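Below is start-v9.cif, holding mmCIF, C-alpha atoms.
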```cif
data_entry
#
loop_
_atom_site.label_atom_id
_atom_site.label_comp_id
_atom_site.auth_asym_id
_atom_site.auth_seq_id
_atom_site.Cartn_x
_atom_site.Cartn_y
_atom_site.Cartn_z
CA MET A 1 -0.59 47.12 -17.74
CA SER A 2 -0.66 44.59 -20.61
CA ASP A 3 2.46 43.19 -22.31
CA THR A 4 1.32 44.84 -25.55
CA LYS A 5 1.22 48.25 -23.96
CA ASP A 6 4.63 47.68 -22.33
CA LYS A 7 6.13 46.89 -25.74
CA LEU A 8 4.54 49.94 -27.34
CA ILE A 9 5.99 52.23 -24.70
CA GLU A 10 9.44 50.63 -25.01
CA GLN A 11 9.40 51.02 -28.80
CA ALA A 12 8.85 54.77 -28.54
CA GLY A 13 12.28 55.53 -27.10
CA GLY A 14 14.11 53.22 -29.49
CA VAL A 15 13.42 55.30 -32.60
CA LEU A 16 13.69 58.70 -30.93
CA GLU A 17 17.21 59.68 -32.01
CA LYS A 18 16.90 58.34 -35.57
CA THR A 19 13.63 60.16 -36.20
CA TYR A 20 15.03 63.48 -35.08
CA ASP A 21 18.09 63.05 -37.26
CA ASP A 22 15.65 63.19 -40.18
CA VAL A 23 14.18 66.56 -39.15
CA VAL A 24 15.68 69.34 -41.26
CA HIS A 25 13.07 72.09 -41.11
CA PRO A 26 9.59 72.65 -39.68
CA SER A 27 6.99 70.80 -41.67
CA ALA A 28 3.88 68.75 -41.16
CA LYS A 29 5.81 65.69 -42.30
CA SER A 30 8.55 66.11 -39.70
CA VAL A 31 5.99 66.58 -36.96
CA GLY A 32 4.29 63.44 -38.15
CA ASN A 33 7.58 61.64 -37.60
CA THR A 34 7.81 63.15 -34.15
CA LEU A 35 4.38 61.93 -33.17
CA SER A 36 5.28 58.48 -34.43
CA LEU A 37 7.74 58.29 -31.53
CA LEU A 38 4.82 57.73 -29.22
CA PRO A 39 3.56 54.25 -28.48
CA ARG A 40 1.33 53.20 -31.36
CA THR A 41 -1.86 53.47 -29.31
CA ILE A 42 -1.12 57.09 -28.42
CA GLY A 43 0.32 57.99 -31.82
CA VAL A 44 -2.85 56.89 -33.54
CA LEU A 45 -4.97 58.99 -31.19
CA LEU A 46 -2.91 62.13 -31.82
CA GLY A 47 -1.82 61.39 -35.37
CA LYS A 48 -4.62 63.12 -37.24
CA TRP A 49 -3.67 66.49 -35.72
CA GLU A 50 -0.05 66.37 -36.91
CA LYS A 51 -0.72 68.46 -40.04
CA TRP A 52 -1.63 71.43 -37.86
CA VAL A 53 1.80 71.60 -36.33
CA ILE A 54 4.60 73.16 -38.39
CA ASN A 55 7.07 74.40 -35.78
CA GLY A 56 8.79 73.42 -32.58
CA GLU A 57 10.07 69.91 -33.31
CA GLU A 58 12.29 69.91 -30.24
CA SER A 59 9.48 71.11 -27.99
CA ILE A 60 7.16 68.46 -29.39
CA LYS A 61 9.87 65.84 -28.98
CA LEU A 62 10.25 66.66 -25.29
CA THR A 63 6.50 66.75 -24.78
CA ALA A 64 6.10 63.44 -26.61
CA LEU A 65 8.53 61.90 -24.15
CA ALA A 66 6.60 63.39 -21.26
CA VAL A 67 3.32 62.06 -22.64
CA GLN A 68 4.94 58.67 -23.12
CA GLY A 69 5.91 58.51 -19.45
CA LYS A 70 2.58 59.75 -18.15
CA VAL A 71 0.43 57.51 -20.30
CA SER A 72 1.96 54.44 -18.65
CA GLN A 73 -0.18 55.38 -15.63
CA ILE A 74 -3.39 54.90 -17.64
CA SER A 75 -4.87 51.47 -18.23
CA GLU A 76 -5.07 50.64 -21.94
CA GLU A 77 -8.87 50.36 -21.95
CA LYS A 78 -9.17 53.96 -20.73
CA LEU A 79 -7.12 55.50 -23.57
CA THR A 80 -9.29 57.48 -25.96
CA GLU A 81 -8.97 59.94 -28.83
CA PRO A 82 -8.66 63.56 -27.70
CA GLU A 83 -11.12 66.15 -28.94
CA PRO A 84 -9.77 68.23 -31.85
CA TYR A 85 -10.62 71.49 -30.10
CA VAL A 86 -8.13 70.48 -27.40
CA ALA A 87 -5.46 68.53 -29.29
CA ILE A 88 -4.99 70.86 -32.28
CA PRO A 89 -4.36 74.13 -30.39
CA ALA A 90 -2.36 72.33 -27.68
CA ILE A 91 0.06 70.86 -30.21
CA GLN A 92 0.21 74.19 -32.06
CA GLN A 93 1.23 76.01 -28.90
CA LEU A 94 4.03 73.57 -28.11
CA SER A 95 6.20 75.22 -30.76
CA TYR A 96 6.40 78.29 -28.52
CA CYS A 97 7.44 76.42 -25.35
CA TYR A 98 10.84 75.12 -26.37
CA ASP A 99 12.56 76.97 -23.51
CA SER A 100 10.04 76.29 -20.74
CA GLU A 101 9.84 72.91 -19.08
CA GLU A 102 6.97 74.15 -16.89
CA LEU A 103 4.72 75.07 -19.80
CA ARG A 104 5.61 71.97 -21.83
CA GLU A 105 4.70 69.89 -18.80
CA MET A 106 1.30 71.59 -18.59
CA TYR A 107 0.56 70.88 -22.25
CA ALA A 108 1.67 67.27 -21.79
CA ASN A 109 -0.66 66.91 -18.80
CA LEU A 110 -3.49 68.48 -20.79
CA LEU A 111 -3.00 66.07 -23.69
CA VAL A 112 -2.80 63.04 -21.40
CA SER A 113 -5.93 64.14 -19.53
CA SER A 114 -7.79 64.54 -22.82
CA MET A 115 -6.82 60.98 -23.76
CA ASN A 116 -8.08 59.40 -20.53
CA THR A 117 -11.78 58.54 -20.23
CA ASP A 118 -11.62 59.32 -16.50
CA THR A 119 -10.65 62.97 -17.11
CA LYS A 120 -11.50 63.70 -20.75
CA TYR A 121 -14.78 65.46 -20.00
CA GLN A 122 -13.21 67.68 -17.36
CA VAL A 123 -10.89 69.18 -19.98
CA HIS A 124 -12.25 72.61 -20.89
CA PRO A 125 -11.23 73.95 -24.32
CA SER A 126 -10.17 77.25 -22.74
CA PHE A 127 -7.41 75.45 -20.80
CA VAL A 128 -5.14 75.60 -23.85
CA ASP A 129 -5.60 79.35 -24.12
CA ILE A 130 -5.01 79.79 -20.39
CA ILE A 131 -1.64 78.03 -20.55
CA LYS A 132 -0.74 80.32 -23.46
CA GLN A 133 -1.31 83.31 -21.18
CA LEU A 134 0.90 82.06 -18.35
CA THR A 135 4.60 82.62 -17.76
CA PRO A 136 6.79 79.78 -16.49
CA ASP A 137 6.95 81.61 -13.15
CA GLU A 138 3.16 81.70 -12.95
CA ALA A 139 3.07 77.97 -13.65
CA LYS A 140 5.33 77.44 -10.64
CA LEU A 141 3.10 79.59 -8.47
CA LEU A 142 -0.05 77.75 -9.56
CA LYS A 143 1.55 74.47 -8.58
CA LYS A 144 2.24 75.95 -5.15
CA LEU A 145 -1.36 77.21 -4.85
CA SER A 146 -2.63 73.71 -5.62
CA GLN A 147 -1.41 72.69 -2.16
CA TYR A 148 -3.95 74.99 -0.53
CA GLY A 149 -7.03 73.28 -2.00
CA ASP A 150 -10.12 75.01 -0.60
CA ASP A 151 -8.19 76.96 2.02
CA GLU A 152 -8.19 80.74 2.06
CA ILE A 153 -4.81 82.41 1.59
CA PRO A 154 -4.11 85.70 3.41
CA VAL A 155 -3.42 88.85 1.42
CA ILE A 156 -3.01 92.47 2.50
CA ASP A 157 -3.25 95.98 1.07
CA VAL A 158 -1.32 98.99 2.36
CA LYS A 159 -3.14 102.29 2.02
CA LEU A 160 -2.03 105.85 2.75
CA HIS A 161 -5.18 107.22 4.34
CA SER A 162 -6.46 110.71 5.06
CA SER A 163 -9.78 111.49 6.74
CA THR A 164 -10.33 114.40 4.36
CA GLU A 165 -8.60 113.34 1.12
CA GLY A 166 -9.48 109.64 1.00
CA TYR A 167 -6.71 107.11 0.45
CA GLU A 168 -3.91 106.15 -1.92
CA LEU A 169 -3.25 102.45 -2.49
CA LYS A 170 0.48 101.87 -1.95
CA ILE A 171 0.62 98.04 -2.02
CA HIS A 172 -2.17 95.88 -3.41
CA ASN A 173 -2.80 92.17 -2.86
CA PHE A 174 0.50 91.34 -1.19
CA THR A 175 1.19 87.74 -0.28
CA ASN A 176 4.42 85.84 0.30
CA VAL A 177 3.35 82.46 -1.10
CA GLY A 178 5.61 82.96 -4.13
CA GLU A 179 8.80 83.29 -2.11
CA GLY A 180 11.07 80.30 -2.55
CA VAL A 181 8.89 79.19 -5.46
CA CYS A 182 8.97 81.90 -8.12
CA ASP A 183 12.08 83.23 -9.81
CA CYS A 184 10.64 86.75 -9.48
CA PRO A 185 8.51 86.78 -6.30
CA SER A 186 8.31 90.59 -6.57
CA ASN A 187 5.96 90.06 -9.52
CA ILE A 188 3.39 88.35 -7.29
CA PHE A 189 1.04 91.33 -7.63
CA SER A 190 0.75 90.99 -11.39
CA TYR A 191 0.62 87.18 -11.18
CA LEU A 192 -2.43 87.33 -8.92
CA ASP A 193 -4.05 89.94 -11.15
CA ASN A 194 -3.55 87.63 -14.13
CA PHE A 195 -4.93 84.60 -12.26
CA GLU A 196 -7.99 86.60 -11.28
CA ARG A 197 -8.44 87.82 -14.85
CA LEU A 198 -8.33 84.20 -16.03
CA LYS A 199 -10.86 83.21 -13.33
CA LEU A 200 -8.41 80.82 -11.67
CA ILE A 201 -8.66 82.63 -8.32
CA TYR A 202 -10.87 85.22 -6.75
CA ILE A 203 -9.69 87.86 -4.32
CA LYS A 204 -11.88 89.22 -1.53
CA ASN A 205 -10.59 92.44 -0.01
CA ASP A 206 -13.70 92.72 2.16
CA GLU A 207 -13.19 89.33 3.84
CA TYR A 208 -10.45 88.20 6.21
CA ILE A 209 -9.29 85.19 8.18
CA VAL A 210 -10.44 85.39 11.80
CA ASP A 211 -7.13 84.05 13.11
CA ALA A 212 -5.05 87.25 12.97
CA SER A 213 -1.80 85.30 13.31
CA CYS A 214 -2.24 84.20 9.68
CA TYR A 215 -1.27 87.74 8.68
CA ASP A 216 1.81 88.05 10.89
CA SER A 217 4.33 87.01 8.25
CA LEU A 218 2.83 89.46 5.77
CA GLU A 219 2.56 92.46 8.08
CA ASN A 220 6.10 91.88 9.37
CA HIS A 221 7.56 91.43 5.89
CA THR A 222 10.46 93.75 5.05
CA LEU A 223 8.55 95.24 2.09
CA ILE A 224 5.61 96.18 4.30
CA LYS A 225 7.79 97.42 7.14
CA SER A 226 9.85 99.62 4.82
CA THR A 227 6.71 101.03 3.23
CA ILE A 228 4.96 102.05 6.43
CA SER A 229 8.20 103.53 7.84
CA GLN A 230 8.30 106.16 5.11
CA SER A 231 7.70 109.78 6.03
CA ILE A 232 4.20 110.93 5.12
CA PRO A 233 2.37 114.28 4.96
CA GLU A 234 0.66 115.59 8.06
CA GLY A 235 -2.90 114.28 8.39
CA TYR A 236 -2.10 111.00 6.68
CA GLU A 237 -1.48 107.55 8.14
CA PHE A 238 -0.75 104.12 6.81
CA GLU A 239 -3.47 101.51 7.07
CA ILE A 240 -3.06 97.77 6.56
CA CYS A 241 -6.20 96.07 5.23
CA ARG A 242 -6.53 92.30 5.44
CA GLY A 243 -8.12 90.17 2.75
CA VAL A 244 -8.09 86.65 1.31
CA PHE A 245 -7.89 84.85 -2.00
CA ARG A 246 -8.64 81.30 -2.96
CA LEU A 247 -8.83 79.05 -5.99
CA THR A 248 -12.10 79.07 -7.92
CA ALA A 249 -13.80 75.79 -8.86
CA PHE A 250 -12.63 76.48 -12.42
CA GLY A 251 -9.10 77.06 -11.14
CA LYS A 252 -9.09 73.78 -9.25
CA ASP A 253 -10.26 71.94 -12.37
CA PHE A 254 -7.50 73.60 -14.38
CA ILE A 255 -4.87 72.53 -11.85
CA LYS A 256 -6.24 68.99 -11.71
CA ILE A 257 -6.01 68.61 -15.48
CA CYS A 258 -2.84 70.56 -16.25
CA LEU A 259 -0.68 70.23 -13.14
CA SER A 260 -1.58 67.05 -11.29
CA TRP A 261 -0.11 64.27 -13.43
#
```

Turn this file's structure into structure tokens for me.
Amino acid sequence: MSDTKDKLIEQAGGVLEKTYDDVVHPSAKSVGNTLSLLPRTIGVLLGKWEKWVINGEESIKLTALAVQGKVSQISEEKLTEPEPYVAIPAIQQLSYCYDSEELREMYANLLVSSMNTDTKYQVHPSFVDIIKQLTPDEAKLLKKLSQYGDDEIPVIDVKLHSSTEGYELKIHNFTNVGEGVCDCPSNIFSYLDNFERLKLIYIKNDEYIVDASCYDSLENHTLIKSTISQSIPEGYEFEICRGVFRLTAFGKDFIKICLSW
């Protein structure tokens, strides 16, 4: 990294506190001051979008600091101006992320990726909207799923089945990958539904992993055990159906851009 770039990055932190002392209310001017905290090279690239941002000075401040740290990993010759269809909505949405480090981090990664010639053209404009539709807990789960790459992840359904009346779905798309990661792992069902809706994953209930041991931890889970131990009407029986889910190509691109810095 050049001496010039080092100096620009150092200068950013020096004026941080003073600039924020000047912020009294949300305005395009105050956000302009916020963006000026960035090293000059980065501030110039993002500067023209400042007028679109009128709220969330603290969120933008924290994201600016994150961008400042991440951009030090990019060689100066690879820094480029982000596309307006990425930068404008991303900065707009930051005003709503003041209480979520996970979501702010994703927007920071998105902005940095859009300013790097190596990744700029992999940044899809819908990525901004996708982040907007994620909870902090879902962001944590996506980061966990990134560790699986192309691997299939086991999932199971529990059905109450009758040979004459058909079946009732009792548990759908159960997996334990969120345990120890998510604050509310019991919401994993809705998280996966949302990921599938956003085309980040696809779930195949008619496919399964040949190695049956992959399903042991799911089928022996307390939730599953307690469900299938319930009393049921005569003529019915519980059935466990194995399936898989995996990241889509689009989902892997999203993770690369928004979660990998």

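Compared by their closest atoms to Ala90 of chain A, and using only C-alpha atoms, the residues A:Ser114, A:Gln122, A:Thr248, A:Gln68 rank with A:Ser114 nearest.
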
Could you pull the residues within 9 Å of Leu111 of chain A, counting only C-alpha atoms, minus those fewer than 2 positions along the same chain, as a list in words? Val67, Pro82, Val86, Ala87, Ala90, Ile91, Met106, Tyr107, Ala108, Asn109, Ser113, Ser114, Met115, Asn116 and Cys258 of chain A

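Interatomic distance, atom CA of Leu134 of chain A to atom CA of Asp183 of chain A: 14.1 Å.
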
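The space separating atom CA of Gln73 of chain A from atom CA of Lys132 of chain A comes to 26.1 Å.
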
Atom-to-atom span, atom CA of Gln147 of chain A and atom CA of Lys199 of chain A, Å: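 Separation between atom CA of Gln147 of chain A and atom CA of Lys199 of chain A: 18.0 Å.
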
List every residue of segment 69-172 of chain A that has an atom at most 9 Å from any atom of segment 203-214 of chain A, giving for each one its closest atom pair and the distance in Å to one decimal, counting all atoms listed in the file, sorted by chain and then by ascending residue number, as CSV.
```
residue,atom,partner,partner_atom,distance
A:Glu152,CA,A:Ile209,CA,7.6
A:Ile153,CA,A:Ile209,CA,8.4
A:Pro154,CA,A:Cys214,CA,6.7
A:Val155,CA,A:Asn205,CA,8.1
A:Ile156,CA,A:Asn205,CA,8.0
A:Asp157,CA,A:Asn205,CA,8.2
```

Residues at most 9 Å from segment 124-126 of chain A, counting all atoms listed in the file, excluding those fewer than 5 positions away in the same chain, as a list in words? Tyr85, Val86, Ile131, Asp253 and Phe254 of chain A

Skip segment 220-229 of chain A itself and residues of its chain fewer than 3 positions away, then list as a list of chain:residue names all residues within 10 Å of it, counting all atoms listed in the file. A:Ile156, A:Asp157, A:Val158, A:Lys159, A:Leu160, A:Lys170, A:Ile171, A:Phe174, A:Thr175, A:Asn176, A:Ser186, A:Tyr215, A:Asp216, A:Ser217, A:Ile232, A:Glu237, A:Phe238, A:Glu239, A:Ile240

Please evaluate the PyMOL selection byres ((chain A and resi 135-142) around 10) against the displayed coordinates and give the resulting residues as a PyMOL selection string. chain A and resi 97+99-106+131-134+143-147+177-185+187-188+190-192+194-195+200-201+247+251-252+254-255+258-259

Which one of A:Leu169, A:Ile130, A:Ile257, A:Val244 sits closest to Leu198 of chain A if you count only C-alpha atoms? A:Ile130

Tell me which of A:Leu79, A:Val128, A:Ile74, A:Ala249 sits closest to Gly149 of chain A, counting all atoms listed in the file.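 Between A:Leu79, A:Val128, A:Ile74, A:Ala249, the residue approaching Gly149 of chain A most closely is A:Ala249.
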
Given the choices A:Arg246, A:Glu76, A:Gly235, A:Thr164, which gets closest to Tyr202 of chain A if the distance is worked out from all atoms listed in the file? A:Arg246
